[in-house]
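J.: Pasting start-v1.csv below, which is CSV, C-alpha atoms (C1' of nucleotides).
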```csv
chain,number,residue,atom,x,y,z
S,1,MET,CA,158.5,68.9,98.6
S,2,THR,CA,158.4,68.7,94.9
S,3,ASN,CA,155.0,67.2,94.6
S,4,GLY,CA,151.7,68.9,94.3
S,5,ALA,CA,150.8,69.7,90.8
S,6,GLY,CA,150.0,66.1,89.8
S,7,THR,CA,151.1,66.6,86.2
S,8,ALA,CA,153.6,63.7,86.3
S,9,GLY,CA,153.2,60.7,84.0
S,10,ASN,CA,152.3,61.4,80.4
S,11,ALA,CA,155.2,63.0,78.7
S,12,ARG,CA,153.3,63.5,75.4
S,13,LEU,CA,155.6,65.2,73.0
S,14,GLY,CA,153.9,68.1,71.3
S,15,THR,CA,152.0,69.0,74.4
S,16,ARG,CA,151.7,72.7,74.9
S,17,ARG,CA,153.2,73.5,78.3
S,18,ALA,CA,153.7,76.6,80.3
S,19,ILE,CA,155.6,77.2,83.5
S,20,LEU,CA,154.5,80.0,85.8
S,21,LEU,CA,157.2,81.3,88.2
S,22,MET,CA,155.7,83.7,90.7
S,23,GLY,CA,156.8,85.4,93.8
S,24,PRO,CA,157.2,88.6,95.7
S,25,THR,CA,159.7,91.2,94.7
S,26,GLY,CA,163.2,90.5,95.6
S,27,SER,CA,162.7,86.7,95.9
S,28,GLY,CA,165.2,86.0,93.1
S,29,LYS,CA,162.7,85.0,90.3
S,30,SER,CA,164.7,86.5,87.5
S,31,ASP,CA,167.9,84.6,88.2
S,32,LEU,CA,166.0,81.4,88.8
S,33,ALA,CA,164.2,81.8,85.5
S,34,LEU,CA,167.5,82.3,83.7
S,35,ARG,CA,168.8,79.0,85.1
S,36,LEU,CA,165.7,77.1,84.2
S,37,ALA,CA,165.7,78.5,80.7
S,38,GLU,CA,169.3,77.6,80.2
S,39,ALA,CA,168.6,74.0,81.2
S,40,LEU,CA,165.5,73.5,79.1
S,41,PRO,CA,164.2,74.8,75.8
S,42,LEU,CA,162.3,77.7,77.3
S,43,GLU,CA,161.8,81.4,76.5
S,44,ILE,CA,160.9,83.9,79.2
S,45,ILE,CA,157.8,86.0,79.2
S,46,SER,CA,157.8,88.8,81.7
S,47,VAL,CA,154.7,89.1,83.8
S,48,ASP,CA,155.3,92.5,85.2
S,49,SER,CA,153.5,95.7,84.9
S,50,ALA,CA,156.5,97.8,85.5
S,51,LEU,CA,159.1,96.0,83.3
S,52,VAL,CA,157.1,97.0,80.2
S,53,TYR,CA,158.4,100.5,80.5
S,54,ARG,CA,161.4,101.7,78.6
S,55,GLY,CA,163.9,103.7,80.6
S,56,MET,CA,162.8,102.2,83.9
S,57,ASP,CA,165.5,99.7,84.4
S,58,ILE,CA,167.3,100.2,87.7
S,59,GLY,CA,164.2,100.7,89.9
S,60,THR,CA,162.4,97.8,88.4
S,61,ALA,CA,165.4,95.5,88.6
S,62,LYS,CA,164.9,94.7,84.9
S,63,PRO,CA,166.9,91.8,83.5
S,64,SER,CA,170.1,93.1,82.0
S,65,ALA,CA,171.0,93.0,78.3
S,66,ALA,CA,173.4,90.2,79.1
S,67,MET,CA,170.6,88.1,80.5
S,68,CYS,CA,168.5,88.8,77.5
S,69,ALA,CA,171.3,87.7,75.3
S,70,ARG,CA,171.4,84.4,77.0
S,71,VAL,CA,167.7,83.7,77.0
S,72,PRO,CA,165.0,85.4,75.0
S,73,HIS,CA,162.8,87.6,77.1
S,74,HIS,CA,159.4,88.9,76.0
S,75,LEU,CA,157.2,91.8,77.0
S,76,LEU,CA,160.0,94.0,78.3
S,77,ASP,CA,160.3,97.6,77.1
S,78,ILE,CA,157.1,97.6,75.1
S,79,ARG,CA,155.7,100.9,76.4
S,80,ASP,CA,156.9,104.4,76.9
S,81,PRO,CA,156.4,105.6,80.5
S,82,ALA,CA,153.8,108.1,79.2
S,83,GLN,CA,151.6,105.2,78.1
S,84,SER,CA,149.5,102.9,80.1
S,85,TYR,CA,149.2,99.2,80.1
S,86,SER,CA,146.6,96.8,81.4
S,87,ALA,CA,145.7,93.3,82.3
S,88,GLY,CA,143.7,93.0,79.1
S,89,GLU,CA,146.6,94.1,76.9
S,90,PHE,CA,149.0,91.9,78.8
S,91,THR,CA,146.8,88.9,78.3
S,92,ARG,CA,146.6,89.5,74.6
S,93,ASP,CA,150.4,90.1,74.4
S,94,ALA,CA,151.2,87.1,76.5
S,95,VAL,CA,149.0,84.8,74.4
S,96,HIS,CA,150.7,86.0,71.2
S,97,ALA,CA,154.1,85.5,72.7
S,98,MET,CA,153.2,82.0,73.9
S,99,GLN,CA,151.9,81.0,70.5
S,100,ASP,CA,155.1,82.2,68.9
S,101,ILE,CA,157.2,80.2,71.4
S,102,TRP,CA,155.2,77.0,70.9
S,103,ARG,CA,155.5,77.5,67.1
S,104,ARG,CA,159.3,77.5,67.6
S,105,GLY,CA,159.1,74.2,69.4
S,106,ARG,CA,159.8,75.6,72.7
S,107,GLN,CA,157.9,76.3,75.9
S,108,PRO,CA,157.1,79.6,77.7
S,109,LEU,CA,158.3,80.3,81.2
S,110,LEU,CA,156.1,83.1,82.6
S,111,VAL,CA,158.0,85.0,85.3
S,112,GLY,CA,157.0,87.9,87.3
S,113,GLY,CA,155.3,89.4,90.3
S,114,THR,CA,152.2,91.0,88.8
S,115,MET,CA,149.8,88.6,90.3
S,116,LEU,CA,146.7,90.0,88.6
S,117,TYR,CA,148.2,89.3,85.3
S,118,PHE,CA,148.8,85.7,86.3
S,119,HIS,CA,145.2,85.6,87.5
S,120,ALA,CA,143.9,87.0,84.2
S,121,LEU,CA,145.8,84.3,82.4
S,122,SER,CA,144.6,81.4,84.5
S,123,HIS,CA,141.1,82.5,85.1
S,124,GLY,CA,140.5,84.3,81.9
S,125,ILE,CA,139.5,87.9,81.4
S,126,ALA,CA,136.2,89.1,80.1
S,127,GLN,CA,135.7,91.0,76.9
S,128,LEU,CA,135.4,94.5,78.3
S,129,PRO,CA,135.9,97.9,76.6
S,130,GLU,CA,139.3,99.4,77.2
S,131,ALA,CA,139.8,102.4,79.4
S,132,ASN,CA,138.3,105.5,77.9
S,133,LEU,CA,140.0,108.7,78.9
S,134,GLU,CA,137.0,110.9,78.2
S,135,VAL,CA,134.5,108.9,80.1
S,136,ARG,CA,137.0,108.6,83.0
S,137,ALA,CA,137.5,112.3,83.0
S,138,ASP,CA,133.7,112.8,83.0
S,139,ILE,CA,133.3,110.5,86.0
S,140,GLU,CA,136.1,112.2,87.8
S,141,ARG,CA,134.7,115.6,87.2
S,142,GLN,CA,131.4,114.4,88.5
S,143,ALA,CA,133.1,112.9,91.6
S,144,GLU,CA,134.6,116.2,92.4
S,145,LEU,CA,131.2,117.8,92.5
S,146,THR,CA,129.2,115.2,94.2
S,147,GLY,CA,131.7,112.9,95.8
S,148,TRP,CA,132.4,109.2,95.1
S,149,ALA,CA,129.6,108.1,97.5
S,150,ALA,CA,127.1,109.7,95.1
S,151,LEU,CA,128.6,107.8,92.2
S,152,HIS,CA,128.5,104.6,94.3
S,153,VAL,CA,124.7,105.2,94.7
S,154,GLU,CA,124.5,105.7,91.0
S,155,LEU,CA,126.2,102.4,90.4
S,156,GLN,CA,123.8,100.8,92.9
S,157,GLN,CA,121.0,101.8,90.6
S,158,VAL,CA,122.4,100.4,87.3
S,159,ASP,CA,124.4,97.5,88.7
S,160,PRO,CA,123.4,96.5,92.3
S,161,ALA,CA,125.7,93.5,92.3
S,162,ALA,CA,128.7,95.5,91.4
S,163,ALA,CA,127.8,98.1,94.0
S,164,ALA,CA,127.5,95.4,96.6
S,165,ARG,CA,130.9,94.1,96.0
S,166,ILE,CA,132.7,97.4,95.4
S,167,HIS,CA,133.4,99.4,98.5
S,168,VAL,CA,132.2,103.0,98.6
S,169,ASN,CA,135.7,104.2,99.3
S,170,ASP,CA,137.1,102.5,96.2
S,171,PRO,CA,137.1,105.2,93.5
S,172,GLN,CA,139.1,103.1,91.1
S,173,ARG,CA,136.6,100.4,90.8
S,174,ILE,CA,133.5,102.5,91.0
S,175,GLN,CA,134.9,104.4,88.1
S,176,ARG,CA,135.6,101.3,86.1
S,177,ALA,CA,132.2,99.8,86.7
S,178,LEU,CA,130.5,103.1,85.7
S,179,GLU,CA,132.8,103.5,82.7
S,180,VAL,CA,131.9,100.1,81.4
S,181,TYR,CA,128.2,100.8,81.8
S,182,ARG,CA,128.4,104.1,80.1
S,183,LEU,CA,130.4,102.7,77.2
S,184,THR,CA,128.3,99.6,76.6
S,185,GLY,CA,125.0,100.1,78.3
S,186,LYS,CA,125.6,96.8,79.9
S,187,THR,CA,126.7,96.1,83.5
S,188,ILE,CA,130.2,95.0,84.2
S,189,THR,CA,128.8,92.3,86.4
S,190,GLY,CA,127.0,90.7,83.4
S,191,LEU,CA,130.0,91.2,81.0
S,192,GLN,CA,132.4,89.6,83.4
S,193,GLN,CA,130.4,86.4,83.4
S,194,LYS,CA,132.1,85.1,80.3
S,195,ARG,CA,135.7,84.2,80.9
S,196,VAL,CA,137.9,81.6,79.4
S,197,SER,CA,141.3,80.6,80.7
S,198,VAL,CA,144.0,81.0,78.2
S,199,PHE,CA,145.4,77.8,79.6
S,200,ALA,CA,142.4,75.8,78.6
S,201,ASP,CA,144.4,73.0,77.0
S,202,VAL,CA,147.8,73.8,78.2
S,203,ASP,CA,149.8,71.8,80.7
S,204,VAL,CA,150.6,74.3,83.4
S,205,THR,CA,153.2,74.0,86.1
S,206,GLU,CA,153.1,76.6,88.8
S,207,PHE,CA,156.0,77.6,91.0
S,208,ILE,CA,156.1,80.1,93.8
S,209,VAL,CA,159.4,81.3,95.2
S,210,ALA,CA,159.4,83.2,98.5
S,211,PRO,CA,161.5,83.4,101.7
S,212,LEU,CA,160.1,81.3,104.5
S,213,GLU,CA,160.7,84.1,106.9
S,214,ARG,CA,159.2,87.5,106.3
S,215,ARG,CA,162.2,89.0,108.0
S,216,ASP,CA,164.4,87.7,105.3
S,217,LEU,CA,162.3,89.3,102.6
S,218,HIS,CA,162.3,92.6,104.4
S,219,THR,CA,166.1,92.5,104.8
S,220,ARG,CA,166.5,91.6,101.1
S,221,ILE,CA,164.2,94.4,100.1
S,222,GLU,CA,166.1,97.0,102.1
S,223,MET,CA,169.5,95.8,100.7
S,224,ARG,CA,168.2,95.8,97.2
S,225,PHE,CA,167.0,99.4,97.5
S,226,GLY,CA,170.3,100.5,98.7
S,227,GLN,CA,171.9,98.8,95.7
S,228,MET,CA,169.5,100.5,93.3
S,229,LEU,CA,170.5,103.9,94.7
S,230,THR,CA,174.1,103.0,94.3
S,231,SER,CA,173.5,102.0,90.7
S,232,GLY,CA,171.9,105.3,89.8
S,233,PHE,CA,168.3,104.9,90.6
S,234,LEU,CA,167.9,108.6,91.5
S,235,ALA,CA,169.4,109.7,88.2
S,236,GLU,CA,167.1,107.4,86.4
S,237,VAL,CA,164.1,108.9,88.0
S,238,ARG,CA,165.5,112.4,87.5
S,239,THR,CA,165.8,111.7,83.7
S,240,LEU,CA,162.1,110.8,83.7
S,241,TYR,CA,161.2,113.7,85.9
S,242,GLU,CA,163.0,116.2,83.6
S,243,ARG,CA,161.3,114.9,80.5
S,244,GLY,CA,158.5,117.3,81.3
S,245,ASP,CA,155.6,115.3,79.9
S,246,LEU,CA,155.3,112.8,82.8
S,247,THR,CA,153.4,113.4,86.0
S,248,ALA,CA,153.0,111.7,89.3
S,249,GLU,CA,149.7,110.5,88.1
S,250,HIS,CA,151.1,108.4,85.2
S,251,PRO,CA,150.8,104.7,86.0
S,252,SER,CA,154.5,104.3,85.4
S,253,MET,CA,155.4,106.9,87.9
S,254,ARG,CA,153.2,105.3,90.5
S,255,ALA,CA,155.4,102.3,90.6
S,256,VAL,CA,157.1,101.6,93.9
S,257,GLY,CA,160.3,103.5,94.3
S,258,TYR,CA,159.6,105.8,91.4
S,259,ARG,CA,156.7,107.4,93.1
S,260,GLN,CA,158.7,108.2,96.3
S,261,LEU,CA,161.8,109.4,94.5
S,262,TRP,CA,159.6,111.5,92.2
S,263,ARG,CA,158.2,113.2,95.3
S,264,HIS,CA,161.6,113.9,96.6
S,265,LEU,CA,162.6,115.5,93.3
S,266,ALA,CA,159.5,117.6,93.4
S,267,GLY,CA,160.8,119.0,96.7
S,268,GLN,CA,158.6,117.1,99.0
S,269,GLY,CA,160.9,115.5,101.5
S,270,SER,CA,164.5,114.4,101.8
S,271,LEU,CA,166.1,111.6,99.9
S,272,ASP,CA,166.4,109.7,103.2
S,273,GLU,CA,162.7,110.0,103.8
S,274,ALA,CA,161.9,109.0,100.3
S,275,GLY,CA,164.2,105.9,100.7
S,276,LYS,CA,162.4,104.8,103.8
S,277,GLN,CA,159.0,105.3,102.2
S,278,ALA,CA,160.1,103.4,99.1
S,279,ILE,CA,161.3,100.5,101.2
S,280,ALA,CA,158.1,100.4,103.1
S,281,ALA,CA,156.1,100.5,99.9
S,282,THR,CA,158.1,97.6,98.6
S,283,ARG,CA,157.4,95.6,101.7
S,284,GLN,CA,153.7,96.3,101.3
S,285,LEU,CA,153.8,95.3,97.7
S,286,ALA,CA,155.5,92.0,98.6
S,287,LYS,CA,152.8,91.4,101.2
S,288,ARG,CA,150.0,91.8,98.6
S,289,GLN,CA,151.8,89.6,96.2
S,290,LEU,CA,152.0,86.9,98.9
S,291,THR,CA,148.3,87.2,99.6
S,292,TRP,CA,147.6,86.4,95.9
S,293,ALA,CA,150.2,83.6,96.0
S,294,ARG,CA,148.5,81.9,98.9
S,295,ARG,CA,145.4,81.5,96.8
S,296,ARG,CA,147.2,79.5,94.1
S,297,GLU,CA,146.2,76.1,95.3
S,298,ARG,CA,148.1,74.3,92.5
S,299,ALA,CA,151.4,76.0,93.0
S,300,GLN,CA,154.5,74.3,94.4
S,301,TRP,CA,156.3,76.5,96.9
S,302,PHE,CA,160.0,76.9,97.1
S,303,GLU,CA,162.1,78.6,99.7
S,304,SER,CA,163.9,81.3,97.8
S,305,VAL,CA,167.1,81.5,99.8
S,306,HIS,CA,167.7,77.8,99.5
S,307,PRO,CA,170.8,77.2,97.3
S,308,GLU,CA,169.3,74.4,95.4
S,309,VAL,CA,166.0,75.8,94.4
S,310,ALA,CA,166.8,75.8,90.7
S,311,GLY,CA,167.8,72.2,90.8
S,312,LYS,CA,164.7,71.2,92.6
S,313,MET,CA,162.5,73.1,90.2
S,314,LEU,CA,164.2,71.4,87.3
S,315,ASP,CA,163.6,68.0,88.9
S,316,ALA,CA,160.0,68.9,89.3
S,317,LEU,CA,159.7,69.9,85.7
S,318,LEU,CA,161.4,66.8,84.3
S,319,GLU,CA,159.1,64.7,86.5
S,320,GLY,CA,156.2,66.6,85.1
S,321,GLY,CA,157.0,65.6,81.6
S,322,PHE,CA,159.3,68.4,80.3
S,323,SER,CA,161.6,67.3,77.6
S,324,ALA,CA,165.3,67.2,78.1
S,325,PRO,CA,167.4,70.1,76.7
S,326,SER,CA,167.4,70.3,72.9
S,327,ASP,CA,170.0,71.9,70.8
S,328,VAL,CA,167.7,74.5,69.4
S,329,THR,CA,169.5,77.8,69.5
S,330,PRO,CA,167.8,80.8,71.1
S,331,GLN,CA,166.3,83.3,68.9
S,332,GLY,CA,163.9,86.2,68.9
S,333,SER,CA,165.3,88.1,71.8
S,334,LEU,CA,163.2,91.2,72.3
S,335,CYS,CA,165.5,93.2,74.5
V,1,G,C1',171.6,119.6,144.8
V,2,G,C1',167.4,123.2,143.4
V,3,C,C1',163.7,124.9,139.9
V,4,U,C1',160.7,124.1,135.6
V,5,A,C1',158.4,121.1,131.8
V,6,G,C1',157.5,116.4,130.6
V,7,G,C1',157.0,110.9,130.6
V,8,U,C1',150.7,108.0,126.0
V,9,G,C1',150.7,101.5,121.7
V,10,G,C1',157.0,100.0,117.1
V,11,C,C1',157.4,105.6,115.9
V,12,A,C1',155.0,110.5,115.6
V,13,G,C1',151.2,112.9,118.1
V,14,A,C1',146.1,114.6,120.4
V,15,G,C1',143.0,114.1,124.5
V,16,U,C1',139.4,113.0,128.5
V,17,G,C1',137.2,111.5,135.7
V,18,G,C1',133.3,106.6,133.4
V,19,U,C1',132.2,105.7,124.3
V,20,C,C1',136.6,105.6,119.5
V,21,A,C1',141.8,110.2,118.8
V,22,U,C1',144.5,110.2,114.5
V,23,G,C1',148.8,109.5,111.2
V,24,C,C1',152.9,106.3,109.8
V,25,A,C1',154.9,101.4,110.2
V,26,G,C1',153.4,96.2,110.9
V,27,C,C1',150.0,92.0,110.3
V,28,G,C1',145.6,89.7,107.8
V,29,G,C1',142.4,90.1,103.6
V,30,C,C1',140.0,91.9,99.0
V,31,C,C1',141.1,92.1,94.0
V,32,U,C1',138.4,90.9,86.2
V,33,G,C1',141.6,96.4,81.5
V,34,C,C1',145.9,102.1,86.2
V,35,A,C1',147.5,96.3,89.6
V,36,A,C1',154.8,98.1,91.7
V,37,A,C1',147.5,100.3,91.5
V,38,G,C1',143.2,100.9,94.5
V,39,C,C1',140.5,99.3,98.8
V,40,C,C1',138.9,96.8,103.6
V,41,G,C1',139.9,95.0,108.5
V,42,C,C1',143.2,94.4,113.1
V,43,G,C1',146.1,97.5,118.8
V,44,U,C1',143.0,95.9,127.2
V,45,A,C1',149.0,102.5,124.9
V,46,C,C1',148.6,105.6,128.8
V,47,A,C1',156.6,105.1,133.4
V,48,G,C1',156.1,102.6,138.6
V,49,C,C1',153.8,102.5,143.4
V,50,G,C1',150.3,104.3,146.6
V,51,G,C1',146.0,107.6,147.5
V,52,U,C1',141.2,110.3,146.5
V,53,U,C1',136.7,108.4,144.0
V,54,C,C1',131.2,104.3,142.8
V,55,G,C1',135.1,104.7,138.8
V,56,A,C1',141.3,107.0,137.1
V,57,U,C1',145.5,107.4,131.5
V,58,U,C1',143.0,111.9,133.2
V,59,C,C1',143.1,114.6,140.3
V,60,C,C1',146.9,114.2,144.7
V,61,G,C1',151.6,112.2,146.8
V,62,C,C1',156.1,109.6,146.4
V,63,U,C1',159.8,107.0,143.3
V,64,C,C1',162.3,106.4,138.7
V,65,C,C1',163.5,108.5,134.0
V,66,U,C1',164.1,112.6,130.2
V,67,A,C1',164.9,117.8,128.7
V,68,G,C1',166.0,122.8,129.8
V,69,C,C1',167.5,126.3,133.4
V,70,C,C1',170.0,127.6,138.1
V,71,U,C1',173.8,126.8,142.0
```
Now, as a test, write the supplied structure out as structure tokens.

T.:
Amino acid sequence: MTNGAGTAGNARLGTRRAILLMGPTGSGKSDLALRLAEALPLEIISVDSALVYRGMDIGTAKPSAAMCARVPHHLLDIRDPAQSYSAGEFTRDAVHAMQDIWRRGRQPLLVGGTMLYFHALSHGIAQLPEANLEVRADIERQAELTGWAALHVELQQVDPAAAARIHVNDPQRIQRALEVYRLTGKTITGLQQKRVSVFADVDVTEFIVAPLERRDLHTRIEMRFGQMLTSGFLAEVRTLYERGDLTAEHPSMRAVGYRQLWRHLAGQGSLDEAGKQAIAATRQLAKRQLTWARRRERAQWFESVHPEVAGKMLDALLEGGFSAPSDVTPQGSLC
RNA sequence: GGCUAGGUGGCAGAGUGGUCAUGCAGCGGCCUGCAAAGCCGCGUACAGCGGUUCGAUUCCGCUCCUAGCCU
């Protein structure tokens, strides 16, 4: 069950490698990553859109300080919850982190559940203008007056291809396509033609961890949420709520769990209801993550509840040409 | 025991003699700068048995069950 990537054979030293460890929430990625990184000269790069936020630790199941002390983790706590983050910024940050790691003679282990970020890394991301608050506000204002359907019609006129692939009921994408057009005068369809994978000459090994049975994942998710509450998740959200500058519309506060607890704090529903909704939202997130995962043809799948996953992954890595443990001491911990 | 009101898909909850409620959950999928986001698709549900009818989830009867009231 360890075959599939076809990277075995040439153990060229100096080869730039990268390991991708993907999986739905609650599949035990973080612990696995730690074990791999302690066995091989690796540094962890978090591939997670929620772990970038400071002060969001419990609800995101962020690796603890103790874990960070054992193995360097990158891209954690790099944003304030009032800020936003994006696939483009992530790609840039991840590339920098990888280059630093390679420079240190080690290899990056990219771990996380934000599958779009993995996708952007593997398939490349086009040079597009960043989100522009004013233009977005303009478009939203217009949408309130005319409705999104009218904006979709507008998109159809400037970029028929985009309009054809973006559903009328998908405001987020209609807005982005229009935003790009207004900012550059060029269609998003055309701009997206040019993409280069950041892994162009990198030897990539892809792992996916997930429970074989969906029931197991659901059980795990429910248990984990209970533990989060016990660990003070509600207080964590309350602290953010009481800051006063955050709203339910901030990307950070739309994260699973935070959104539902925020609503409860705003007086909309009991804690019990919020908990049920949060758990359901987590299950839905996991389902979407699995949909992405199934498209990764080169990935090797591992049953997450299996006690020997870490060992099997290590075997696969050594077979794939990874060097044995070196005596390089960890450095550059960012958390 | 009697009376009354009800029994609709996993849950909530409309409704009609012959097209679809809907919401939530679930499942599948989409996905290029908000992605833990946004979006699309998917359900021979009408308690059971008879009857009326060209046709019954909808009308009638009986049975079972539930809730409230009464003795």

J.: In Å, rounded to a single decimal, give me how far atom CA of S:Thr291 is from atom CA of S:Ala18.

T.: 22.7 Å

J.: For chain S, report every residue with an atom at most 7 Å from chain V (counting only C-alpha atoms (C1' of nucleotides)), formatted as JSON, numbers by chain.

T.: {"S": [50, 86, 87, 88, 116, 125, 126, 130, 131, 169, 170, 172, 192, 251, 255, 256, 285]}

J.: Neighbours of V:U57 within 9 Å (all atoms listed in the file; same-chain residues fewer than 3 positions away dropped), as a PDB file with C-alpha atoms (C1' of nucleotides), keeping the file's coordinate frame?

T.:
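Wrote it out as part_36.pdb, contents follow:
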```
ATOM      1  C1'   U V   8     150.700 108.000 126.000  1.00  0.00           C
ATOM      2  C1'   U V  16     139.400 113.000 128.500  1.00  0.00           C
ATOM      3  C1'   A V  45     149.000 102.500 124.900  1.00  0.00           C
ATOM      4  C1'   C V  46     148.600 105.600 128.800  1.00  0.00           C
TER       5        C V  46
END
```

J.: Pick out the closest residue to S:Phe302 from this set: S:Val198, S:Leu34, S:Val153, S:Leu21. Count only C-alpha atoms.

T.: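 That would be S:Leu21, the residue with the smallest distance to S:Phe302.
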
J.: By how many Å are atom CA of S:Val180 and atom CA of S:Leu128 apart?

T.: 7.3 Å

J.: For S:His74, find every residue with an atom within 10 Å (counting all atoms listed in the file), except residues of its own chain fewer than 3 positions away, and show them as a list of chain:residue names.

T.: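 Using all atoms listed in the file, the neighbours found are S:Glu43, S:Ile44, S:Ile45, S:Ser46, S:Val47, S:Val52, S:Cys68, S:Val71, S:Asp77, S:Ile78, S:Asp93, S:Ala94, S:Ala97, S:Met98, S:Pro108, S:Leu110, S:Gly332, S:Ser333, S:Leu334, S:Cys335.
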
J.: Could you write out the selected residues, including C-alpha atoms, as a short mmCIF file (atom, residue, chain, number, x, y, z; two decimals), keeping the file's coordinate frame?

T.:
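Generated output (selection.cif):
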```
data_model
loop_
_atom_site.label_atom_id
_atom_site.label_comp_id
_atom_site.auth_asym_id
_atom_site.auth_seq_id
_atom_site.Cartn_x
_atom_site.Cartn_y
_atom_site.Cartn_z
CA GLU S 43 161.80 81.40 76.50
CA ILE S 44 160.90 83.90 79.20
CA ILE S 45 157.80 86.00 79.20
CA SER S 46 157.80 88.80 81.70
CA VAL S 47 154.70 89.10 83.80
CA VAL S 52 157.10 97.00 80.20
CA CYS S 68 168.50 88.80 77.50
CA VAL S 71 167.70 83.70 77.00
CA ASP S 77 160.30 97.60 77.10
CA ILE S 78 157.10 97.60 75.10
CA ASP S 93 150.40 90.10 74.40
CA ALA S 94 151.20 87.10 76.50
CA ALA S 97 154.10 85.50 72.70
CA MET S 98 153.20 82.00 73.90
CA PRO S 108 157.10 79.60 77.70
CA LEU S 110 156.10 83.10 82.60
CA GLY S 332 163.90 86.20 68.90
CA SER S 333 165.30 88.10 71.80
CA LEU S 334 163.20 91.20 72.30
CA CYS S 335 165.50 93.20 74.50
#
```

J.: Name the residues in contact with stretch 59-63 of chain V at a cut-off of 12 Å, using all atoms listed in the file, excluding same-chain residues fewer than 3 positions from it; report them as a ChimeraX atom specification.

T.: /V:17,47-53,56

J.: Hey, what's within 8 Å of stretch 199-203 of chain S if we count all atoms listed in the file and toss same-chain stuff fewer than 3 positions away? As a ChimeraX atom specification, please?

T.: /S:7,15-18,121-122,196

J.: Please write the residues from the selection above to a file, keeping C-alpha atoms, as a compact mmCIF listing (two decimals), in the coordinates of the input.

T.:
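So the final result, stored in result.txt, reads:
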```
# COMPACT_ATOMS: atom_id res chain seq x y z
CA THR S 7 151.10 66.60 86.20
CA THR S 15 152.00 69.00 74.40
CA ARG S 16 151.70 72.70 74.90
CA ARG S 17 153.20 73.50 78.30
CA ALA S 18 153.70 76.60 80.30
CA LEU S 121 145.80 84.30 82.40
CA SER S 122 144.60 81.40 84.50
CA VAL S 196 137.90 81.60 79.40
```

J.: For a test of reading the model, state the distance in Å between atom CA of S:Gly55 and atom CA of S:Asn132, rounded to one decimal.

T.: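 That distance, rounded to one decimal, is 25.8 Å.
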
J.: Could you tell me which of S:Ala210, S:Tyr85, S:Leu51, S:Glu242 comes closest to S:Arg294 if we count only C-alpha atoms?

T.: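 Result for the nearest residue to S:Arg294: S:Ala210.
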
J.: Using all atoms listed in the file, which protein or nucleic acid residues come within 12 Å of S:Leu36? Drop anything in the same chain fewer than 3 positions from it, and give the result as an NGL selection string.

T.: :S and (19-21 or 29-33 or 39-44 or 70-71 or 107-111 or 207 or 309-318 or 322 or 324-325)

J.: Identify which of the residues S:Gln284, S:Gln142, S:Ser84, S:Gln193 lies closest to S:Arg214, counting all atoms listed in the file when measuring atom-to-atom distances.

T.: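 Ranking S:Gln284, S:Gln142, S:Ser84, S:Gln193 by distance to S:Arg214, first place goes to S:Gln284.
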
J.: Can stretch 198-208 of chain S be brought up to N, CA and C atoms and written out as a short mmCIF file (atom, residue, chain, number, x, y, z; two decimals), in the coordinates of the input?

T.:
```cif
data_model
loop_
_atom_site.label_atom_id
_atom_site.label_comp_id
_atom_site.auth_asym_id
_atom_site.auth_seq_id
_atom_site.Cartn_x
_atom_site.Cartn_y
_atom_site.Cartn_z
N VAL S 198 143.20 81.17 79.35
CA VAL S 198 144.00 81.00 78.20
C VAL S 198 144.80 79.69 78.26
N PHE S 199 144.73 79.07 79.41
CA PHE S 199 145.40 77.80 79.60
C PHE S 199 144.48 76.61 79.42
N ALA S 200 143.38 76.83 78.72
CA ALA S 200 142.40 75.80 78.60
C ALA S 200 142.95 74.42 78.25
N ASP S 201 143.79 74.33 77.22
CA ASP S 201 144.40 73.00 77.00
C ASP S 201 145.92 73.09 76.99
N VAL S 202 146.40 73.72 78.03
CA VAL S 202 147.80 73.80 78.20
C VAL S 202 148.19 73.13 79.53
N ASP S 203 149.30 72.44 79.50
CA ASP S 203 149.80 71.80 80.70
C ASP S 203 150.57 72.76 81.52
N VAL S 204 150.00 73.23 82.59
CA VAL S 204 150.60 74.30 83.40
C VAL S 204 151.30 73.81 84.64
N THR S 205 152.50 74.26 84.87
CA THR S 205 153.20 74.00 86.10
C THR S 205 153.39 75.30 86.84
N GLU S 206 152.98 75.35 88.09
CA GLU S 206 153.10 76.60 88.80
C GLU S 206 154.10 76.53 89.96
N PHE S 207 155.01 77.47 89.94
CA PHE S 207 156.00 77.60 91.00
C PHE S 207 155.88 78.91 91.71
N ILE S 208 156.05 78.88 93.01
CA ILE S 208 156.10 80.10 93.80
C ILE S 208 157.43 80.11 94.55
#
```
